[in-house]
>>> print(open('upload_16.pdb').read())   # PDB, C-alpha atoms and all ligand atoms
MODEL        1
ATOM      1  CA  MET A  24     287.933 424.167  24.546  1.00  0.00           C
ATOM      2  CA  PRO A  25     288.708 424.777  28.214  1.00  0.00           C
ATOM      3  CA  CYS A  26     289.902 428.144  29.384  1.00  0.00           C
ATOM      4  CA  GLU A  27     293.657 427.957  29.887  1.00  0.00           C
ATOM      5  CA  LEU A  28     293.472 430.267  32.859  1.00  0.00           C
ATOM      6  CA  CYS A  29     290.689 428.935  35.096  1.00  0.00           C
ATOM      7  CA  GLY A  30     290.385 425.535  33.409  1.00  0.00           C
ATOM      8  CA  ARG A  31     286.639 425.753  32.949  1.00  0.00           C
ATOM      9  CA  GLU A  32     284.935 424.716  29.766  1.00  0.00           C
ATOM     10  CA  CYS A  33     283.762 427.868  28.124  1.00  0.00           C
ATOM     11  CA  LYS A  34     282.017 429.229  25.119  1.00  0.00           C
ATOM     12  CA  GLY A  35     283.091 432.355  23.374  1.00  0.00           C
ATOM     13  CA  GLY A  36     286.642 432.193  24.640  1.00  0.00           C
ATOM     14  CA  LYS A  37     289.325 434.368  23.184  1.00  0.00           C
ATOM     15  CA  GLU A  38     293.035 434.289  22.717  1.00  0.00           C
ATOM     16  CA  ALA A  39     294.612 436.895  24.905  1.00  0.00           C
ATOM     17  CA  ILE A  40     298.020 437.973  26.067  1.00  0.00           C
ATOM     18  CA  ILE A  41     298.465 437.252  29.739  1.00  0.00           C
ATOM     19  CA  ASP A  42     301.809 437.775  31.394  1.00  0.00           C
ATOM     20  CA  GLY A  43     303.380 437.933  27.970  1.00  0.00           C
ATOM     21  CA  ALA A  44     302.066 434.547  26.943  1.00  0.00           C
ATOM     22  CA  LYS A  45     299.280 433.774  24.536  1.00  0.00           C
ATOM     23  CA  MET A  46     296.460 431.937  26.259  1.00  0.00           C
ATOM     24  CA  PHE A  47     292.953 430.907  25.360  1.00  0.00           C
ATOM     25  CA  VAL A  48     290.685 432.339  28.032  1.00  0.00           C
ATOM     26  CA  CYS A  49     286.971 432.471  28.775  1.00  0.00           C
ATOM     27  CA  PRO A  50     284.992 435.727  28.959  1.00  0.00           C
ATOM     28  CA  ASP A  51     285.348 435.706  32.754  1.00  0.00           C
ATOM     29  CA  CYS A  52     289.120 435.616  32.589  1.00  0.00           C
ATOM     30  CA  ILE A  53     289.548 438.138  29.815  1.00  0.00           C
ATOM     31  CA  LYS A  54     289.841 440.787  32.513  1.00  0.00           C
ATOM     32  CA  TYR A  55     293.280 439.456  33.367  1.00  0.00           C
ATOM     33  CA  ALA A  56     294.479 439.949  29.822  1.00  0.00           C
ATOM     34  CA  GLU A  57     296.892 442.680  28.855  1.00  0.00           C
ATOM     35  CA  GLY A  58     295.748 442.505  25.287  1.00  0.00           C
ATOM     36  CA  VAL A  59     293.523 440.481  23.068  1.00  0.00           C
ATOM     37  CA  VAL A  60     294.928 438.656  20.100  1.00  0.00           C
ATOM     38  CA  GLN A  61     292.920 439.950  17.195  1.00  0.00           C
ATOM     39  CA  PRO A  62     292.085 437.302  14.637  1.00  0.00           C
ATOM     40  CA  GLU A  63     291.348 439.994  12.054  1.00  0.00           C
ATOM     41  CA  PRO A  64     293.177 443.207  11.225  1.00  0.00           C
ATOM     42  CA  VAL A  65     292.792 446.008  13.727  1.00  0.00           C
ATOM     43  CA  ARG A  66     289.940 448.361  12.941  1.00  0.00           C
ATOM     44  CA  THR A  67     291.018 451.482  11.165  1.00  0.00           C
ATOM     45  CA  ASN A  68     289.523 453.936  13.630  1.00  0.00           C
ATOM     46  CA  SER A  69     291.893 452.877  16.387  1.00  0.00           C
ATOM     47  CA  PRO A  70     295.671 453.100  16.256  1.00  0.00           C
ATOM     48  CA  PRO A  71     297.320 449.705  15.934  1.00  0.00           C
ATOM     49  CA  LEU A  72     298.231 448.197  19.284  1.00  0.00           C
ATOM     50  CA  PRO A  73     301.910 447.689  19.851  1.00  0.00           C
ATOM     51  CA  GLN A  74     302.603 444.027  19.368  1.00  0.00           C
ATOM     52  CA  ARG A  75     303.632 442.423  22.593  1.00  0.00           C
ATOM     53  CA  ILE A  76     306.351 439.934  22.054  1.00  0.00           C
ATOM     54  CA  PRO A  77     305.625 436.842  24.103  1.00  0.00           C
ATOM     55  CA  VAL A  78     308.225 436.100  26.702  1.00  0.00           C
ATOM     56  CA  LYS A  79     310.247 433.178  25.516  1.00  0.00           C
ATOM     57  CA  ARG A  80     310.499 430.196  27.752  1.00  0.00           C
ATOM     58  CA  THR A  81     314.218 430.305  28.009  1.00  0.00           C
ATOM     59  CA  GLN A  82     314.369 429.673  31.717  1.00  0.00           C
ATOM     60  CA  ASN A  83     316.953 427.055  32.334  1.00  0.00           C
ATOM     61  CA  ARG A  84     315.067 424.318  34.092  1.00  0.00           C
ATOM     62  CA  GLU A  85     318.197 422.307  34.773  1.00  0.00           C
ATOM     63  CA  ARG A  86     319.750 425.164  36.654  1.00  0.00           C
ATOM     64  CA  ASP A  87     317.137 424.998  39.398  1.00  0.00           C
ATOM     65  CA  ILE A  88     317.703 421.327  40.000  1.00  0.00           C
ATOM     66  CA  TYR A  89     321.359 421.764  40.762  1.00  0.00           C
ATOM     67  CA  LYS A  90     321.034 425.114  42.450  1.00  0.00           C
ATOM     68  CA  ASP A  91     321.163 423.798  45.986  1.00  0.00           C
ATOM     69  CA  ARG A  92     323.945 421.307  46.081  1.00  0.00           C
ATOM     70  CA  GLY A  93     323.192 420.452  49.685  1.00  0.00           C
ATOM     71  CA  MET A  94     319.577 419.581  49.103  1.00  0.00           C
ATOM     72  CA  GLU A  95     319.405 416.831  46.572  1.00  0.00           C
ATOM     73  CA  ARG A  96     315.739 417.266  45.875  1.00  0.00           C
ATOM     74  CA  GLU A  97     314.100 417.860  42.577  1.00  0.00           C
ATOM     75  CA  LEU A  98     310.613 418.176  41.187  1.00  0.00           C
ATOM     76  CA  VAL A  99     308.856 414.988  40.275  1.00  0.00           C
ATOM     77  CA  THR A 100     308.545 414.632  36.526  1.00  0.00           C
ATOM     78  CA  ASN A 101     304.766 414.993  36.225  1.00  0.00           C
ATOM     79  CA  TRP A 102     304.472 417.794  38.765  1.00  0.00           C
ATOM     80  CA  ASN A 103     302.068 419.873  36.712  1.00  0.00           C
ATOM     81  CA  HIS A 104     299.622 416.992  36.315  1.00  0.00           C
ATOM     82  CA  LEU A 105     299.893 416.171  39.995  1.00  0.00           C
ATOM     83  CA  ILE A 106     298.987 419.720  40.900  1.00  0.00           C
ATOM     84  CA  GLU A 107     296.049 419.815  38.522  1.00  0.00           C
ATOM     85  CA  GLN A 108     294.713 416.449  39.660  1.00  0.00           C
ATOM     86  CA  ALA A 109     295.065 417.293  43.339  1.00  0.00           C
ATOM     87  CA  ARG A 110     293.374 420.645  42.828  1.00  0.00           C
ATOM     88  CA  LYS A 111     290.441 419.057  41.016  1.00  0.00           C
ATOM     89  CA  LYS A 112     290.140 416.412  43.706  1.00  0.00           C
ATOM     90  CA  LYS A 113     289.752 419.214  46.214  1.00  0.00           C
ATOM     91  CA  GLY A 114     287.140 420.816  44.010  1.00  0.00           C
ATOM     92  CA  LEU A 115     289.104 424.022  43.683  1.00  0.00           C
ATOM     93  CA  THR A 116     289.276 426.252  40.674  1.00  0.00           C
ATOM     94  CA  ARG A 117     292.601 427.696  39.648  1.00  0.00           C
ATOM     95  CA  GLU A 118     291.463 431.026  41.005  1.00  0.00           C
ATOM     96  CA  GLU A 119     290.579 429.536  44.375  1.00  0.00           C
ATOM     97  CA  LEU A 120     293.829 427.653  44.656  1.00  0.00           C
ATOM     98  CA  GLY A 121     295.749 430.754  43.693  1.00  0.00           C
ATOM     99  CA  PHE A 122     293.913 432.738  46.316  1.00  0.00           C
ATOM    100  CA  LYS A 123     294.684 430.168  49.009  1.00  0.00           C
ATOM    101  CA  ILE A 124     298.407 430.152  48.383  1.00  0.00           C
ATOM    102  CA  GLY A 125     298.720 433.801  47.452  1.00  0.00           C
ATOM    103  CA  GLU A 126     299.514 433.281  43.804  1.00  0.00           C
ATOM    104  CA  ARG A 127     297.816 434.768  40.804  1.00  0.00           C
ATOM    105  CA  THR A 128     295.482 432.637  38.727  1.00  0.00           C
ATOM    106  CA  VAL A 129     297.755 433.012  35.743  1.00  0.00           C
ATOM    107  CA  THR A 130     300.617 431.561  37.754  1.00  0.00           C
ATOM    108  CA  ILE A 131     298.546 428.510  38.640  1.00  0.00           C
ATOM    109  CA  ALA A 132     297.499 428.167  35.014  1.00  0.00           C
ATOM    110  CA  LYS A 133     301.055 428.348  33.771  1.00  0.00           C
ATOM    111  CA  VAL A 134     302.233 425.891  36.384  1.00  0.00           C
ATOM    112  CA  GLU A 135     299.498 423.399  35.485  1.00  0.00           C
ATOM    113  CA  ASN A 136     300.209 423.839  31.807  1.00  0.00           C
ATOM    114  CA  GLY A 137     303.825 423.038  32.553  1.00  0.00           C
ATOM    115  CA  ASP A 138     304.931 426.406  31.238  1.00  0.00           C
ATOM    116  CA  LEU A 139     306.248 427.614  34.536  1.00  0.00           C
ATOM    117  CA  ARG A 140     308.308 425.809  37.099  1.00  0.00           C
ATOM    118  CA  PRO A 141     306.986 426.950  40.461  1.00  0.00           C
ATOM    119  CA  SER A 142     309.449 428.478  42.858  1.00  0.00           C
ATOM    120  CA  ASP A 143     310.529 426.440  45.858  1.00  0.00           C
ATOM    121  CA  GLN A 144     308.299 428.638  47.988  1.00  0.00           C
ATOM    122  CA  THR A 145     305.292 428.020  45.773  1.00  0.00           C
ATOM    123  CA  ILE A 146     306.027 424.308  45.683  1.00  0.00           C
ATOM    124  CA  ALA A 147     305.995 424.210  49.464  1.00  0.00           C
ATOM    125  CA  LYS A 148     302.671 426.037  49.567  1.00  0.00           C
ATOM    126  CA  LEU A 149     301.146 423.788  46.907  1.00  0.00           C
ATOM    127  CA  GLU A 150     302.307 420.670  48.728  1.00  0.00           C
ATOM    128  CA  LYS A 151     300.760 421.893  51.950  1.00  0.00           C
ATOM    129  CA  GLU A 152     297.520 423.111  50.433  1.00  0.00           C
ATOM    130  CA  LEU A 153     296.926 420.095  48.223  1.00  0.00           C
ATOM    131  CA  GLY A 154     298.469 417.453  50.453  1.00  0.00           C
ATOM    132  CA  ILE A 155     300.787 416.186  47.753  1.00  0.00           C
ATOM    133  CA  HIS A 156     304.503 415.700  47.375  1.00  0.00           C
ATOM    134  CA  LEU A 157     306.108 417.443  44.468  1.00  0.00           C
ATOM    135  CA  MET A 158     309.722 417.010  45.409  1.00  0.00           C
ATOM    136  CA  GLU A 159     311.579 413.754  45.447  1.00  0.00           C
ATOM    137  CA  GLU A 160     314.845 412.957  47.076  1.00  0.00           C
ATOM    138  CA  VAL A 161     317.617 412.326  44.641  1.00  0.00           C
ATOM    139  CA  LYS A 162     320.104 409.895  46.009  1.00  0.00           C
ATOM    140  CA  GLU A 163     323.710 410.526  45.246  1.00  0.00           C
ATOM    141  CA  VAL A 164     324.692 407.625  43.039  1.00  0.00           C
ATOM    142  CA  PRO A 165     327.909 406.073  44.328  1.00  0.00           C
ATOM    143  CA  THR A 166     330.243 405.782  41.398  1.00  0.00           C
ATOM    144  CA  GLY A 167     331.694 402.383  40.695  1.00  0.00           C
ATOM    145  CA  LEU A 168     328.904 400.478  42.393  1.00  0.00           C
ATOM    146  CA  GLN A 169     326.188 401.156  39.943  1.00  0.00           C
ATOM    147  CA  LYS A 170     325.658 398.743  37.118  1.00  0.00           C
ATOM    148  CA  GLY A 171     323.585 399.533  34.112  1.00  0.00           C
ATOM    149  CA  THR A 172     324.205 403.250  34.161  1.00  0.00           C
ATOM    150  CA  GLN A 173     326.877 405.275  32.499  1.00  0.00           C
ATOM    151  CA  THR A 174     327.599 407.271  35.608  1.00  0.00           C
ATOM    152  CA  GLY A 175     331.303 407.743  36.074  1.00  0.00           C
ATOM    153  CA  PHE A 176     332.157 406.440  32.659  1.00  0.00           C
ATOM    154  CA  THR A 177     333.254 408.487  29.743  1.00  0.00           C
ATOM    155  CA  LEU A 178     331.950 407.435  26.384  1.00  0.00           C
ATOM    156  CA  GLY A 179     335.329 405.892  25.623  1.00  0.00           C
ATOM    157  CA  ASP A 180     335.275 403.782  28.780  1.00  0.00           C
ATOM    158  CA  PHE A 181     331.779 402.731  28.013  1.00  0.00           C
ATOM    159  CA  ILE A 182     332.652 401.478  24.558  1.00  0.00           C
ATOM    160  CA  LYS A 183     335.698 399.660  25.914  1.00  0.00           C
ATOM    161  CA  THR A 184     333.825 397.862  28.679  1.00  0.00           C
ATOM    162  CA  ASP A 185     330.795 397.070  26.601  1.00  0.00           C
ATOM    163  CA  LYS A 186     331.998 394.377  24.260  1.00  0.00           C
TER
HETATM  164 ZN    ZN B 201     288.486 431.285  32.572  1.00  0.00          ZN
ENDMDL
END
>>> encode(input="upload_16.pdb", output="structure tokens", more="lines below")
Ligand SMILES: [Zn+2]
Amino acid sequence: MPCELCGRECKGGKEAIIDGAKMFVCPDCIKYAEGVVQPEPVRTNSPPLPQRIPVKRTQNRERDIYKDRGMERELVTNWNHLIEQARKKKGLTREELGFKIGERTVTIAKVENGDLRPSDQTIAKLEKELGIHLMEEVKEVPTGLQKGTQTGFTLGDFIKTDK
């Protein structure tokens, strides 16, 4: 099973809490962990560790898309795969890529896992570093001209016009 942080195949990996999220990491990356997920009950000679509650992924992804009304640009759908593929093509590890763009390895890992939508700033840096395009222009769809979409129609209109 590959390490979810650096992406390397590893033996003896462990589940650990990194940035509030449970990840499977290799022995090299365990140093980034805030806590290790114990598969067995905590030993009696140490006080039980306070359980960290993983941060829920409640970030509203839609919100970001419509944030800048002027700039009708949004992330391509398979952005996380694009990043991972481009990084591998360049022969970079997640750590190395993170170092180049000034992001932590865990951020790169989360982005590639699709758990974290990179900020616009990070997107720009990734695009530059990897030579890829992660944003696509979204054309304003002129209402009334478009056939085959429901844009501009209410459900009632749609039923009426679609005999
Ligand atoms: Zn690792």
>>> resolve_selection(input="upload_16.pdb", expression="the PyMOL selection byres (((not hetatm)) within 12 of (chain B and resi 201))", output="NGL selection string")
:A and (24-39 or 41 or 46-56 or 116-118 or 128-129 or 132)
>>> resolve_selection(input="upload_16.pdb", expression="the PyMOL selection byres (((chain A and resi 98-106) around 8) and not hetatm)", output="PyMOL selection string")
chain A and resi 88+96-97+107-110+134-137+149+153+155+157-159
>>> axis_aligned_box(input="upload_16.pdb", around="range 126-132 of chain A", padding_each_side="3 Å", output="lines of an AutoDock Vina configuration file")
center_x = 298.0
center_y = 431.5
center_z = 39.4
size_x = 11.1
size_y = 12.6
size_z = 14.8
>>> atom_distance(input="upload_16.pdb", atom1="CA of Gln144 in chain A", atom2="CA of Glu119 in chain A")
18.1 Å
>>> closest_residue(input="upload_16.pdb", among="A:Glu160, A:Glu152, A:Ile40, A:Gly58", to="Leu115 in chain A", atoms="only C-alpha atoms")
A:Glu152
>>> atom_distance(input="upload_16.pdb", atom1="CA of Val161 in chain A", atom2="CA of Glu95 in chain A")
5.2 Å
>>> atom_distance(input="upload_16.pdb", atom1="CA of Glu126 in chain A", atom2="CA of Lys113 in chain A")
17.3 Å
>>> closest_residue(input="upload_16.pdb", among="A:Leu139, A:Lys123, A:Thr130, A:Gly43", to="Lys151 in chain A", atoms="all atoms listed in the file")
A:Lys123
